[in-house]
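protein-v9.txt (compact mmCIF, C-alpha atoms)
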```txt
# COMPACT_ATOMS: atom_id res chain seq x y z
CA MET A 1 94.60 155.84 146.49
CA TYR A 2 95.79 156.08 150.05
CA THR A 3 97.31 153.16 151.93
CA VAL A 4 95.40 152.26 155.08
CA ARG A 5 97.50 152.35 158.26
CA SER A 6 95.12 151.82 161.15
CA ALA A 7 95.89 152.28 164.82
CA PHE A 8 96.16 148.53 165.16
CA ASP A 9 98.55 148.24 162.19
CA GLU A 10 100.87 150.65 164.02
CA GLY A 11 100.65 148.67 167.23
CA ILE A 12 99.41 151.59 169.28
CA ALA A 13 95.92 150.39 170.15
CA SER A 14 94.92 151.33 173.67
CA GLU A 15 92.30 150.29 176.17
CA ARG A 16 90.06 152.94 174.60
CA ALA A 17 90.70 151.81 171.00
CA ASN A 18 86.99 151.89 170.31
CA THR A 19 86.90 155.70 170.57
CA ILE A 20 86.80 157.92 167.48
CA ALA A 21 87.32 161.67 167.97
CA LEU A 22 86.18 164.33 165.50
CA PHE A 23 87.71 167.81 165.59
CA ALA A 24 86.32 170.78 163.65
CA ASN A 25 86.25 174.57 163.96
CA THR A 26 82.54 174.68 164.94
CA SER A 27 79.97 172.28 166.32
CA TRP A 28 77.67 173.63 163.58
CA TYR A 29 80.01 172.11 161.01
CA VAL A 30 79.89 168.68 162.65
CA TRP A 31 76.11 168.75 162.96
CA ASN A 32 75.43 169.93 159.42
CA PHE A 33 78.18 168.18 157.45
CA ARG A 34 79.26 165.12 159.48
CA ARG A 35 76.09 163.96 161.15
CA ARG A 36 75.73 160.93 158.87
CA LEU A 37 79.30 159.90 159.64
CA LEU A 38 78.64 160.20 163.38
CA HIS A 39 75.48 158.15 163.06
CA GLU A 40 77.29 155.40 161.15
CA LEU A 41 80.17 155.24 163.63
CA ILE A 42 77.84 155.12 166.62
CA ALA A 43 75.69 152.47 164.94
CA ARG A 44 78.83 150.35 164.52
CA GLY A 45 79.51 150.52 168.23
CA PHE A 46 82.17 153.20 168.34
CA ARG A 47 82.38 155.66 171.20
CA VAL A 48 82.38 159.02 169.39
CA ALA A 49 83.82 162.22 170.86
CA VAL A 50 83.24 165.60 169.21
CA ILE A 51 85.81 168.34 169.83
CA ALA A 52 84.90 171.91 168.88
CA PRO A 53 85.47 175.45 170.20
CA ASP A 54 81.78 176.17 170.75
CA THR A 55 78.81 174.43 172.35
CA ALA A 56 76.04 175.66 170.04
CA TYR A 57 75.12 172.19 168.76
CA PHE A 58 76.38 170.06 171.63
CA ALA A 59 72.88 169.32 172.91
CA ARG A 60 71.81 167.92 169.54
CA LEU A 61 75.00 165.92 169.14
CA SER A 62 74.61 164.54 172.66
CA LYS A 63 71.13 163.26 171.78
CA MET A 64 72.86 161.16 169.13
CA HIS A 65 74.99 159.70 171.97
CA ALA A 66 78.13 161.58 170.97
CA GLU A 67 80.36 162.90 173.74
CA CYS A 68 81.08 166.61 173.36
CA HIS A 69 84.22 168.42 174.48
CA GLU A 70 84.70 172.17 174.19
CA LEU A 71 88.17 173.32 173.14
CA ALA A 72 88.71 177.08 173.23
CA MET A 73 89.97 178.25 169.85
CA THR A 74 89.56 181.42 167.80
CA ARG A 75 89.15 180.55 164.13
CA ALA A 76 90.86 183.75 162.95
CA GLY A 77 93.39 183.91 165.80
CA THR A 78 97.08 184.34 164.93
CA ASN A 79 98.72 184.96 168.32
CA PRO A 80 101.50 182.31 168.48
CA VAL A 81 101.26 181.83 172.24
CA ALA A 82 97.47 181.42 172.16
CA GLU A 83 97.63 179.04 169.18
CA LEU A 84 100.28 176.91 170.85
CA GLY A 85 97.98 176.75 173.86
CA VAL A 86 95.22 175.34 171.66
CA ILE A 87 97.52 172.56 170.44
CA LEU A 88 98.62 171.73 173.98
CA ASN A 89 95.04 171.66 175.28
CA LEU A 90 94.05 169.42 172.38
CA ALA A 91 96.94 167.09 173.19
CA ILE A 92 95.87 166.91 176.84
CA LEU A 93 92.33 166.06 175.77
CA LEU A 94 93.58 163.34 173.44
CA THR A 95 95.63 161.75 176.22
CA LYS A 96 92.41 161.54 178.25
CA LEU A 97 90.23 160.22 175.42
CA LYS A 98 92.88 157.81 174.06
CA PRO A 99 91.09 157.58 170.69
CA ARG A 100 91.66 154.92 168.10
CA ALA A 101 91.78 157.76 165.56
CA LEU A 102 91.27 161.52 165.30
CA LEU A 103 89.26 162.77 162.31
CA THR A 104 89.95 166.42 161.48
CA PHE A 105 88.12 168.90 159.27
CA THR A 106 88.75 172.56 158.31
CA PRO A 107 92.25 174.14 158.10
CA LYS A 108 93.16 174.85 161.73
CA SER A 109 91.74 171.55 162.87
CA ASN A 110 93.75 169.70 160.24
CA ILE A 111 97.01 171.38 161.25
CA TYR A 112 96.53 171.39 165.02
CA GLY A 113 95.04 167.91 165.05
CA GLY A 114 97.90 166.62 162.95
CA LEU A 115 100.52 168.19 165.21
CA ALA A 116 98.90 166.97 168.44
CA GLY A 117 98.21 163.53 167.01
CA ARG A 118 101.75 163.15 165.78
CA ALA A 119 103.25 164.21 169.10
CA PHE A 120 101.12 161.74 171.08
CA ARG A 121 100.94 158.95 168.49
CA VAL A 122 97.22 159.26 167.82
CA PRO A 123 96.42 158.19 164.23
CA VAL A 124 94.92 161.10 162.30
CA VAL A 125 92.63 161.15 159.26
CA ASN A 126 92.57 164.63 157.70
CA ASN A 127 89.97 166.13 155.39
CA ILE A 128 91.28 169.06 153.33
CA SER A 129 88.06 170.93 152.56
CA GLY A 130 89.55 173.61 150.35
CA LEU A 131 92.49 175.95 150.72
CA GLY A 132 90.67 179.21 151.45
CA GLY A 133 92.99 182.17 151.07
CA ASN A 134 96.08 180.20 152.10
CA LEU A 135 98.15 177.98 149.83
CA ASP A 136 96.64 179.56 146.73
CA ASN A 137 99.25 179.38 144.00
CA GLN A 138 98.83 183.10 143.31
CA ARG A 139 99.75 184.14 146.84
CA THR A 140 103.22 184.17 148.38
CA ARG A 141 102.74 185.96 151.68
CA TYR A 142 104.79 184.92 154.69
CA THR A 143 101.70 183.49 156.38
CA ASP A 144 101.13 181.18 153.42
CA ILE A 145 104.71 179.94 153.62
CA LEU A 146 104.27 179.28 157.33
CA VAL A 147 101.00 177.42 156.73
CA ARG A 148 102.71 175.24 154.12
CA ARG A 149 105.42 174.29 156.60
CA LEU A 150 102.87 173.51 159.28
CA TYR A 151 100.86 171.34 156.88
CA ARG A 152 104.02 169.47 155.88
CA ILE A 153 104.75 168.61 159.50
CA ALA A 154 101.13 167.95 160.50
CA LEU A 155 100.31 165.61 157.61
CA ARG A 156 103.54 163.62 157.61
CA LYS A 157 102.25 160.82 159.85
CA SER A 158 98.55 160.89 158.96
CA VAL A 159 96.80 157.60 158.35
CA ALA A 160 94.99 159.12 155.36
CA VAL A 161 94.54 162.59 153.92
CA PHE A 162 91.28 163.10 152.05
CA PHE A 163 90.85 165.85 149.46
CA GLN A 164 87.62 167.11 147.95
CA ASN A 165 88.94 167.87 144.49
CA VAL A 166 91.82 166.65 142.39
CA GLU A 167 93.44 170.10 142.04
CA ASP A 168 93.93 170.45 145.79
CA ARG A 169 95.39 166.96 146.02
CA ASN A 170 97.79 167.61 143.17
CA ASP A 171 98.88 170.96 144.66
CA PHE A 172 99.64 169.38 148.04
CA VAL A 173 101.54 166.48 146.52
CA ALA A 174 103.51 168.70 144.13
CA ALA A 175 104.46 171.02 147.00
CA GLY A 176 105.71 168.08 149.05
CA LEU A 177 103.13 168.66 151.78
CA VAL A 178 101.84 165.09 151.77
CA ASP A 179 102.78 161.68 150.39
CA GLY A 180 100.51 160.90 147.44
CA ALA A 181 100.26 157.25 148.54
CA ARG A 182 98.22 158.34 151.55
CA CYS A 183 95.85 160.64 149.65
CA GLY A 184 92.22 159.87 148.90
CA LEU A 185 89.54 161.75 146.97
CA LEU A 186 86.06 162.31 148.37
CA PRO A 187 83.00 163.91 146.74
CA GLY A 188 82.94 166.76 149.22
CA SER A 189 81.00 165.80 152.33
CA GLY A 190 78.66 163.78 150.12
CA ILE A 191 74.90 164.19 150.11
CA ASP A 192 71.99 162.16 151.47
CA LEU A 193 70.12 161.70 148.21
CA ALA A 194 66.95 160.60 150.00
CA SER A 195 66.80 163.82 152.03
CA TYR A 196 67.88 166.16 149.24
CA ARG A 197 65.79 165.36 146.21
CA PRO A 198 63.75 167.23 143.59
CA ASP A 199 60.30 168.13 144.84
CA GLY A 200 58.68 168.63 141.45
CA ALA A 201 57.64 172.19 142.26
CA VAL A 202 56.58 174.30 139.27
CA ARG A 203 57.51 177.97 139.22
CA GLY A 204 54.26 179.15 137.72
CA GLU A 205 53.94 182.92 137.46
CA ARG A 206 56.40 183.95 140.17
CA PRO A 207 59.62 185.75 139.18
CA PHE A 208 62.73 183.75 138.39
CA THR A 209 64.51 183.34 141.73
CA PHE A 210 68.25 183.17 142.40
CA LEU A 211 69.73 182.00 145.71
CA LEU A 212 73.19 182.34 147.20
CA SER A 213 73.73 180.21 150.32
CA ALA A 214 77.10 180.59 152.04
CA ARG A 215 79.03 182.09 154.91
CA LEU A 216 78.81 185.84 154.47
CA LEU A 217 82.42 186.49 153.46
CA TRP A 218 83.54 188.86 150.73
CA SER A 219 85.69 186.06 149.31
CA LYS A 220 82.54 183.97 148.80
CA GLY A 221 81.46 186.51 146.17
CA ILE A 222 78.69 188.11 148.22
CA GLY A 223 79.56 191.57 146.91
CA LEU A 224 79.59 190.35 143.30
CA TYR A 225 76.20 188.70 143.76
CA ALA A 226 74.73 191.90 145.23
CA ALA A 227 76.18 193.98 142.39
CA ALA A 228 74.75 191.56 139.82
CA ALA A 229 71.36 191.65 141.56
CA GLU A 230 71.37 195.45 141.54
CA ARG A 231 71.88 195.47 137.79
CA LEU A 232 69.54 192.63 136.88
CA ARG A 233 66.63 193.84 139.00
CA GLN A 234 66.40 196.87 136.71
CA GLU A 235 65.77 194.60 133.73
CA SER A 236 62.72 192.73 132.51
CA PRO A 237 61.52 190.13 133.33
CA PRO A 238 61.82 190.78 137.06
CA CYS A 239 63.83 188.43 139.29
CA ARG A 240 64.20 187.77 142.99
CA PHE A 241 67.60 187.50 144.66
CA LEU A 242 67.80 185.56 147.93
CA LEU A 243 70.79 185.52 150.28
CA LEU A 244 71.00 182.87 152.97
CA GLY A 245 73.96 182.58 155.28
CA ILE A 246 75.85 182.93 158.51
CA LEU A 247 77.12 186.33 159.60
CA ASP A 248 80.64 185.81 160.91
CA PRO A 249 81.78 189.04 162.61
CA GLN A 250 84.95 187.43 164.00
CA ASN A 251 86.27 186.82 160.51
CA PRO A 252 88.27 189.72 159.03
CA ASP A 253 86.76 188.86 155.64
CA ALA A 254 83.19 189.08 156.94
CA VAL A 255 80.49 191.12 155.21
CA PRO A 256 79.16 193.47 157.92
CA ARG A 257 75.57 193.08 159.02
CA GLU A 258 75.04 196.77 158.25
CA ARG A 259 75.90 196.21 154.59
CA VAL A 260 73.55 193.23 154.30
CA GLU A 261 70.73 195.18 155.93
CA LYS A 262 71.36 198.08 153.55
CA TRP A 263 71.01 195.75 150.54
CA GLN A 264 67.79 194.45 152.03
CA ARG A 265 66.35 197.92 152.70
CA GLU A 266 67.14 198.98 149.14
CA GLY A 267 65.40 195.91 147.73
CA VAL A 268 68.58 194.47 146.19
CA LEU A 269 68.49 191.20 148.16
CA GLU A 270 66.16 189.27 150.44
CA PHE A 271 68.28 188.17 153.38
CA TYR A 272 67.66 185.12 155.56
CA GLU A 273 70.04 184.38 158.42
CA ALA A 274 71.43 180.90 158.96
CA VAL A 275 68.84 178.13 159.25
CA ASP A 276 69.14 174.46 160.13
CA ASP A 277 67.25 173.29 157.05
CA VAL A 278 68.13 174.96 153.74
CA ARG A 279 65.86 172.73 151.65
CA PRO A 280 62.79 175.00 151.62
CA TYR A 281 64.95 177.87 150.36
CA ILE A 282 66.55 175.73 147.64
CA SER A 283 63.11 174.45 146.67
CA GLY A 284 61.87 178.03 146.28
CA ALA A 285 64.77 178.97 144.01
CA ASP A 286 65.24 178.38 140.29
CA CYS A 287 69.03 178.64 140.32
CA VAL A 288 71.71 178.60 143.03
CA VAL A 289 74.67 180.94 142.57
CA LEU A 290 78.15 180.91 144.14
CA PRO A 291 80.56 183.42 142.52
CA THR A 292 83.25 182.50 145.02
CA MET A 293 86.81 183.77 144.96
CA TYR A 294 87.64 181.44 147.86
CA ARG A 295 89.65 178.29 147.16
CA GLU A 296 86.80 175.88 147.83
CA GLY A 297 87.01 172.15 148.52
CA THR A 298 83.69 171.14 147.02
CA PRO A 299 81.01 173.69 147.97
CA ARG A 300 78.23 172.11 149.97
CA SER A 301 75.66 174.65 148.78
CA LEU A 302 76.22 173.58 145.17
CA ILE A 303 75.96 169.89 146.04
CA GLU A 304 72.69 170.46 147.92
CA ALA A 305 71.21 172.48 145.07
CA ALA A 306 72.24 169.97 142.41
CA ALA A 307 70.85 167.07 144.45
CA MET A 308 67.52 168.91 144.55
CA GLY A 309 67.55 169.27 140.78
CA LYS A 310 68.48 172.95 140.59
CA PRO A 311 70.81 174.44 137.97
CA VAL A 312 73.86 176.16 139.44
CA ILE A 313 76.19 179.02 138.52
CA ALA A 314 79.63 179.04 140.12
CA THR A 315 83.14 180.33 139.60
CA ASP A 316 85.43 178.40 137.28
CA ARG A 317 87.64 177.31 140.18
CA PRO A 318 88.79 174.05 141.80
CA GLY A 319 85.93 172.45 143.71
CA CYS A 320 83.21 174.26 141.79
CA ARG A 321 84.32 172.53 138.59
CA ALA A 322 83.83 169.19 140.36
CA VAL A 323 80.10 169.93 140.76
CA VAL A 324 79.10 172.00 137.72
CA GLU A 325 79.10 170.64 134.17
CA HIS A 326 79.28 173.84 132.19
CA GLY A 327 76.46 174.14 129.67
CA ARG A 328 74.83 170.94 130.92
CA SER A 329 73.94 171.32 134.62
CA GLY A 330 74.77 175.00 134.98
CA TYR A 331 77.35 177.63 134.09
CA LEU A 332 80.87 178.43 135.21
CA CYS A 333 81.83 182.11 135.27
CA ALA A 334 85.21 183.82 135.29
CA LEU A 335 86.83 184.58 138.64
CA GLY A 336 85.84 188.00 139.98
CA ASP A 337 84.25 189.05 136.67
CA LEU A 338 81.00 190.89 137.37
CA GLU A 339 80.03 191.21 133.71
CA ASP A 340 80.50 187.49 133.11
CA LEU A 341 78.47 186.65 136.22
CA ILE A 342 75.64 188.93 135.04
CA ASP A 343 75.79 187.35 131.59
CA LYS A 344 75.52 183.82 133.05
CA MET A 345 72.67 184.80 135.37
CA ARG A 346 70.87 186.51 132.52
CA SER A 347 71.32 183.42 130.33
CA MET A 348 69.90 181.20 133.06
CA ARG A 349 66.95 183.54 133.61
CA ASP A 350 66.13 183.53 129.90
CA LEU A 351 66.27 179.77 129.43
CA PRO A 352 62.94 178.20 128.44
CA GLY A 353 61.36 176.27 131.28
CA ALA A 354 62.07 172.88 129.72
CA ALA A 355 65.74 173.73 129.19
CA CYS A 356 66.11 174.93 132.78
CA ALA A 357 64.49 171.70 133.99
CA ALA A 358 66.92 169.70 131.84
CA PHE A 359 69.84 171.49 133.51
CA GLY A 360 68.39 170.56 136.89
CA GLN A 361 67.93 166.92 135.89
CA ALA A 362 71.53 166.73 134.70
CA ALA A 363 72.65 168.19 138.03
CA ARG A 364 70.66 165.57 139.96
CA THR A 365 72.01 162.75 137.80
CA LYS A 366 75.58 163.82 138.49
CA MET A 367 74.93 163.81 142.23
CA GLU A 368 73.45 160.33 142.03
CA ARG A 369 76.44 159.10 140.05
CA GLU A 370 79.28 160.76 141.98
CA PHE A 371 78.20 162.39 145.25
CA ASP A 372 76.19 159.84 147.24
CA ASP A 373 77.35 160.17 150.85
CA THR A 374 77.68 156.40 151.18
CA ILE A 375 80.89 156.84 149.18
CA VAL A 376 82.23 159.13 151.92
CA LEU A 377 81.16 156.76 154.69
CA GLN A 378 82.84 153.78 153.02
CA GLN A 379 86.11 155.66 152.59
CA TYR A 380 86.18 156.67 156.25
CA LEU A 381 85.40 153.17 157.44
CA LYS A 382 88.20 151.83 155.27
CA ALA A 383 90.64 154.38 156.70
CA LEU A 384 89.61 153.30 160.20
CA GLY A 385 90.13 149.65 159.36
CA SER A 386 86.47 148.94 160.04
```
Just dump the structure as structure tokens.
Amino acid sequence: MYTVRSAFDEGIASERANTIALFANTSWYVWNFRRRLLHELIARGFRVAVIAPDTAYFARLSKMHAECHELAMTRAGTNPVAELGVILNLAILLTKLKPRALLTFTPKSNIYGGLAGRAFRVPVVNNISGLGGNLDNQRTRYTDILVRRLYRIALRKSVAVFFQNVEDRNDFVAAGLVDGARCGLLPGSGIDLASYRPDGAVRGERPFTFLLSARLLWSKGIGLYAAAAERLRQESPPCRFLLLGILDPQNPDAVPRERVEKWQREGVLEFYEAVDDVRPYISGADCVVLPTMYREGTPRSLIEAAAMGKPVIATDRPGCRAVVEHGRSGYLCALGDLEDLIDKMRSMRDLPGAACAAFGQAARTKMEREFDDTIVLQQYLKALGS
């Protein structure tokens, strides 16, 4: 467990020591994944500042009485001069805000926030929400080596570094990127169990329905899911295959809109673009699928589905293993293995109704036991010395 070192412990409290800043790669992320944390901090009297490169959700965050500050940043940008400019602009903003602590989420925010915070003695609390394509043990590209070095520098003075699964934490500690004494484990972003709960809906006579909800990246297994759907839709009994997600054309790994529309025209998938409330779509599904090849933290879509009492199928990878109990609340499939994915989806489709419901109940029970978002809130408050 991490050792708490608050701003006051370090003797660097300022006249604005009641300010907490949150920095993420999109305002959408803050609104959808950190809204409960914002609400709790504001309720406790903190002045909360949100820093993000876009303004899409600033109006909603402002209604919660959060201050919003746009910081130009390209998520996939690699130009050294431009990226250094982001760090400098962040540092300038921090000198104006004088926060008691900076909370960072997502890879670039963790690195840039750590570097800026270290340079200007702003205490930083990082959240390592997966490793993505970088830092994967199977990859040794120059960019990965550079990212490792940046993480090592950025995390060296952090107050606390939260991880969302034990494998990521162990990898960072073993690589010397962070001191294990300052590491904490969180159940992903947690889940509001009162908002995400089973609705008792009965499938009736409609076809068995699968749902994949994720950013539309090839590394999230979108192509595998479409290929599995194309095969399974030719079998009996018939199934539906829903795809819900954000098109991300700026990302080099993005699935093009044209490809998604082609799948939809051909009847392979039913596509629904990003929505603010995924619960109706989860409710209308019988199983949520995520055949990701991405190095996840703890996938939010799996947590949401499990909290709503839905069985899940996911890749046997760090993060996914933290949510899915294979053979009890869902199935884990082999990385990048289309035939294994089809086999697991077919097995789920063919389960008797009572057995499928038992999987869903086991999933909900695990969420109640391990993923309540009050656990996340308590850990952050502890790190902030509050």
Practice item. List the neighbours of stretch 277-288 of chain A out to 10 Å using only C-alpha atoms; skip same-chain residues closer than 3 positions along the sequence, and give me the result as a PyMOL selection string. Key: chain A and resi 32+195-203+207-213+240-245+272+274+301-302+304-306+308-314+330+345+348-349+356-357+359-360
With C-alpha atoms kept, could you save the residues just selected as a PDB file, in the coordinates of the input?
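Everything below was put into result_25.pdb:
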```pdb
ATOM      1  CA  ASN A  32      75.430 169.930 159.420  1.00  0.00           C
ATOM      2  CA  SER A 195      66.800 163.820 152.030  1.00  0.00           C
ATOM      3  CA  TYR A 196      67.880 166.160 149.240  1.00  0.00           C
ATOM      4  CA  ARG A 197      65.790 165.360 146.210  1.00  0.00           C
ATOM      5  CA  PRO A 198      63.750 167.230 143.590  1.00  0.00           C
ATOM      6  CA  ASP A 199      60.300 168.130 144.840  1.00  0.00           C
ATOM      7  CA  GLY A 200      58.680 168.630 141.450  1.00  0.00           C
ATOM      8  CA  ALA A 201      57.640 172.190 142.260  1.00  0.00           C
ATOM      9  CA  VAL A 202      56.580 174.300 139.270  1.00  0.00           C
ATOM     10  CA  ARG A 203      57.510 177.970 139.220  1.00  0.00           C
ATOM     11  CA  PRO A 207      59.620 185.750 139.180  1.00  0.00           C
ATOM     12  CA  PHE A 208      62.730 183.750 138.390  1.00  0.00           C
ATOM     13  CA  THR A 209      64.510 183.340 141.730  1.00  0.00           C
ATOM     14  CA  PHE A 210      68.250 183.170 142.400  1.00  0.00           C
ATOM     15  CA  LEU A 211      69.730 182.000 145.710  1.00  0.00           C
ATOM     16  CA  LEU A 212      73.190 182.340 147.200  1.00  0.00           C
ATOM     17  CA  SER A 213      73.730 180.210 150.320  1.00  0.00           C
ATOM     18  CA  ARG A 240      64.200 187.770 142.990  1.00  0.00           C
ATOM     19  CA  PHE A 241      67.600 187.500 144.660  1.00  0.00           C
ATOM     20  CA  LEU A 242      67.800 185.560 147.930  1.00  0.00           C
ATOM     21  CA  LEU A 243      70.790 185.520 150.280  1.00  0.00           C
ATOM     22  CA  LEU A 244      71.000 182.870 152.970  1.00  0.00           C
ATOM     23  CA  GLY A 245      73.960 182.580 155.280  1.00  0.00           C
ATOM     24  CA  TYR A 272      67.660 185.120 155.560  1.00  0.00           C
ATOM     25  CA  ALA A 274      71.430 180.900 158.960  1.00  0.00           C
ATOM     26  CA  SER A 301      75.660 174.650 148.780  1.00  0.00           C
ATOM     27  CA  LEU A 302      76.220 173.580 145.170  1.00  0.00           C
ATOM     28  CA  GLU A 304      72.690 170.460 147.920  1.00  0.00           C
ATOM     29  CA  ALA A 305      71.210 172.480 145.070  1.00  0.00           C
ATOM     30  CA  ALA A 306      72.240 169.970 142.410  1.00  0.00           C
ATOM     31  CA  MET A 308      67.520 168.910 144.550  1.00  0.00           C
ATOM     32  CA  GLY A 309      67.550 169.270 140.780  1.00  0.00           C
ATOM     33  CA  LYS A 310      68.480 172.950 140.590  1.00  0.00           C
ATOM     34  CA  PRO A 311      70.810 174.440 137.970  1.00  0.00           C
ATOM     35  CA  VAL A 312      73.860 176.160 139.440  1.00  0.00           C
ATOM     36  CA  ILE A 313      76.190 179.020 138.520  1.00  0.00           C
ATOM     37  CA  ALA A 314      79.630 179.040 140.120  1.00  0.00           C
ATOM     38  CA  GLY A 330      74.770 175.000 134.980  1.00  0.00           C
ATOM     39  CA  MET A 345      72.670 184.800 135.370  1.00  0.00           C
ATOM     40  CA  MET A 348      69.900 181.200 133.060  1.00  0.00           C
ATOM     41  CA  ARG A 349      66.950 183.540 133.610  1.00  0.00           C
ATOM     42  CA  CYS A 356      66.110 174.930 132.780  1.00  0.00           C
ATOM     43  CA  ALA A 357      64.490 171.700 133.990  1.00  0.00           C
ATOM     44  CA  PHE A 359      69.840 171.490 133.510  1.00  0.00           C
ATOM     45  CA  GLY A 360      68.390 170.560 136.890  1.00  0.00           C
TER      46      GLY A 360
END
```
Point to revise | Which residue of A:Thr315, A:Asn170, A:Asn126, A:Ser158 approaches A:Lys220 most closely, using only C-alpha atoms | key: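 So, comparing all the options, the nearest one is A:Thr315.
Among the candidates A:Ile342, A:Ile128, A:Leu247, A:His326, the one nearest to A:Ala229 when counting all atoms listed in the file is A:Ile342.
With atom CA of A:Leu216 on one side and atom CA of A:Val255 on the other, the separation reads 5.6 Å.
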Review point. Of the candidates A:Gly117, A:Pro238, A:Pro123, A:Gly221, which one gets nearest to A:Ala383 if we count only C-alpha atoms?
Key: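 Comparing A:Gly117, A:Pro238, A:Pro123, A:Gly221 against A:Ala383, the winner is A:Pro123.
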Practice item. Please identify all polymer residues within 8 Å of A:Leu185, counting only C-alpha atoms, omitting same-chain residues fewer than 4 positions from it, and present them as a list in words. Key: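 Selected residues are Met1, Phe162, Phe163, Gln164, Asn165, Val166 and Arg169 of chain A.
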Point to revise | Contacts of A:Leu71 within 7 Å, only C-alpha atoms, excl. fewer than 5 positions in-chain, as a list in words | key: Ile51, Ala52 and Pro53 of chain A
Point to revise | Between atom CA of A:Leu146 and atom CA of A:Ser109, distance in Å (one decimal) | key: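 Computed distance, atom CA of A:Leu146 to atom CA of A:Ser109, equals 15.7 Å.
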Practice item. Write out as a ChimeraX atom specification which residues come within 12 Å of A:Gly297 when counting all atoms listed in the file, dropping same-chain ones fewer than 3 positions away. Key: /A:105-107,127-133,162-169,185-190,292,294,300-303,317-323
For the residues in the current selection, export C-alpha atoms as a PDB file, keeping the file's coordinate frame.
```pdb
ATOM      1  CA  PHE A 105      88.120 168.900 159.270  1.00  0.00           C
ATOM      2  CA  THR A 106      88.750 172.560 158.310  1.00  0.00           C
ATOM      3  CA  PRO A 107      92.250 174.140 158.100  1.00  0.00           C
ATOM      4  CA  ASN A 127      89.970 166.130 155.390  1.00  0.00           C
ATOM      5  CA  ILE A 128      91.280 169.060 153.330  1.00  0.00           C
ATOM      6  CA  SER A 129      88.060 170.930 152.560  1.00  0.00           C
ATOM      7  CA  GLY A 130      89.550 173.610 150.350  1.00  0.00           C
ATOM      8  CA  LEU A 131      92.490 175.950 150.720  1.00  0.00           C
ATOM      9  CA  GLY A 132      90.670 179.210 151.450  1.00  0.00           C
ATOM     10  CA  GLY A 133      92.990 182.170 151.070  1.00  0.00           C
ATOM     11  CA  PHE A 162      91.280 163.100 152.050  1.00  0.00           C
ATOM     12  CA  PHE A 163      90.850 165.850 149.460  1.00  0.00           C
ATOM     13  CA  GLN A 164      87.620 167.110 147.950  1.00  0.00           C
ATOM     14  CA  ASN A 165      88.940 167.870 144.490  1.00  0.00           C
ATOM     15  CA  VAL A 166      91.820 166.650 142.390  1.00  0.00           C
ATOM     16  CA  GLU A 167      93.440 170.100 142.040  1.00  0.00           C
ATOM     17  CA  ASP A 168      93.930 170.450 145.790  1.00  0.00           C
ATOM     18  CA  ARG A 169      95.390 166.960 146.020  1.00  0.00           C
ATOM     19  CA  LEU A 185      89.540 161.750 146.970  1.00  0.00           C
ATOM     20  CA  LEU A 186      86.060 162.310 148.370  1.00  0.00           C
ATOM     21  CA  PRO A 187      83.000 163.910 146.740  1.00  0.00           C
ATOM     22  CA  GLY A 188      82.940 166.760 149.220  1.00  0.00           C
ATOM     23  CA  SER A 189      81.000 165.800 152.330  1.00  0.00           C
ATOM     24  CA  GLY A 190      78.660 163.780 150.120  1.00  0.00           C
ATOM     25  CA  THR A 292      83.250 182.500 145.020  1.00  0.00           C
ATOM     26  CA  TYR A 294      87.640 181.440 147.860  1.00  0.00           C
ATOM     27  CA  ARG A 300      78.230 172.110 149.970  1.00  0.00           C
ATOM     28  CA  SER A 301      75.660 174.650 148.780  1.00  0.00           C
ATOM     29  CA  LEU A 302      76.220 173.580 145.170  1.00  0.00           C
ATOM     30  CA  ILE A 303      75.960 169.890 146.040  1.00  0.00           C
ATOM     31  CA  ARG A 317      87.640 177.310 140.180  1.00  0.00           C
ATOM     32  CA  PRO A 318      88.790 174.050 141.800  1.00  0.00           C
ATOM     33  CA  GLY A 319      85.930 172.450 143.710  1.00  0.00           C
ATOM     34  CA  CYS A 320      83.210 174.260 141.790  1.00  0.00           C
ATOM     35  CA  ARG A 321      84.320 172.530 138.590  1.00  0.00           C
ATOM     36  CA  ALA A 322      83.830 169.190 140.360  1.00  0.00           C
ATOM     37  CA  VAL A 323      80.100 169.930 140.760  1.00  0.00           C
TER      38      VAL A 323
END
```
Check your understanding: What gap, in Å, lies between atom CA of A:Leu22 and atom CA of A:Lys63?
Key ->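 These atoms are spaced 16.3 Å apart.
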Exercise for review: Rank nothing, just name the residue among A:Thr55, A:Glu266, A:Ile191, A:Val173 nearest to A:Arg34, using all atoms listed in the file.
Suggested key: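 Of A:Thr55, A:Glu266, A:Ile191, A:Val173, the one nearest A:Arg34 is A:Ile191, counting all atoms listed in the file.
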Near A:Leu41, within 12 Å and counting only C-alpha atoms, which residues show up once chain neighbours fewer than 4 positions away are dropped, as a compact mmCIF listing (two decimals) with C-alpha atoms, in the frame of the given file?
```txt
# COMPACT_ATOMS: atom_id res chain seq x y z
CA ASN A 18 86.99 151.89 170.31
CA THR A 19 86.90 155.70 170.57
CA ILE A 20 86.80 157.92 167.48
CA ALA A 21 87.32 161.67 167.97
CA LEU A 22 86.18 164.33 165.50
CA ARG A 34 79.26 165.12 159.48
CA ARG A 35 76.09 163.96 161.15
CA ARG A 36 75.73 160.93 158.87
CA LEU A 37 79.30 159.90 159.64
CA GLY A 45 79.51 150.52 168.23
CA PHE A 46 82.17 153.20 168.34
CA ARG A 47 82.38 155.66 171.20
CA VAL A 48 82.38 159.02 169.39
CA ALA A 49 83.82 162.22 170.86
CA MET A 64 72.86 161.16 169.13
CA HIS A 65 74.99 159.70 171.97
CA ALA A 66 78.13 161.58 170.97
CA LEU A 103 89.26 162.77 162.31
CA LEU A 377 81.16 156.76 154.69
CA GLN A 378 82.84 153.78 153.02
CA TYR A 380 86.18 156.67 156.25
CA LEU A 381 85.40 153.17 157.44
CA LEU A 384 89.61 153.30 160.20
CA SER A 386 86.47 148.94 160.04
```
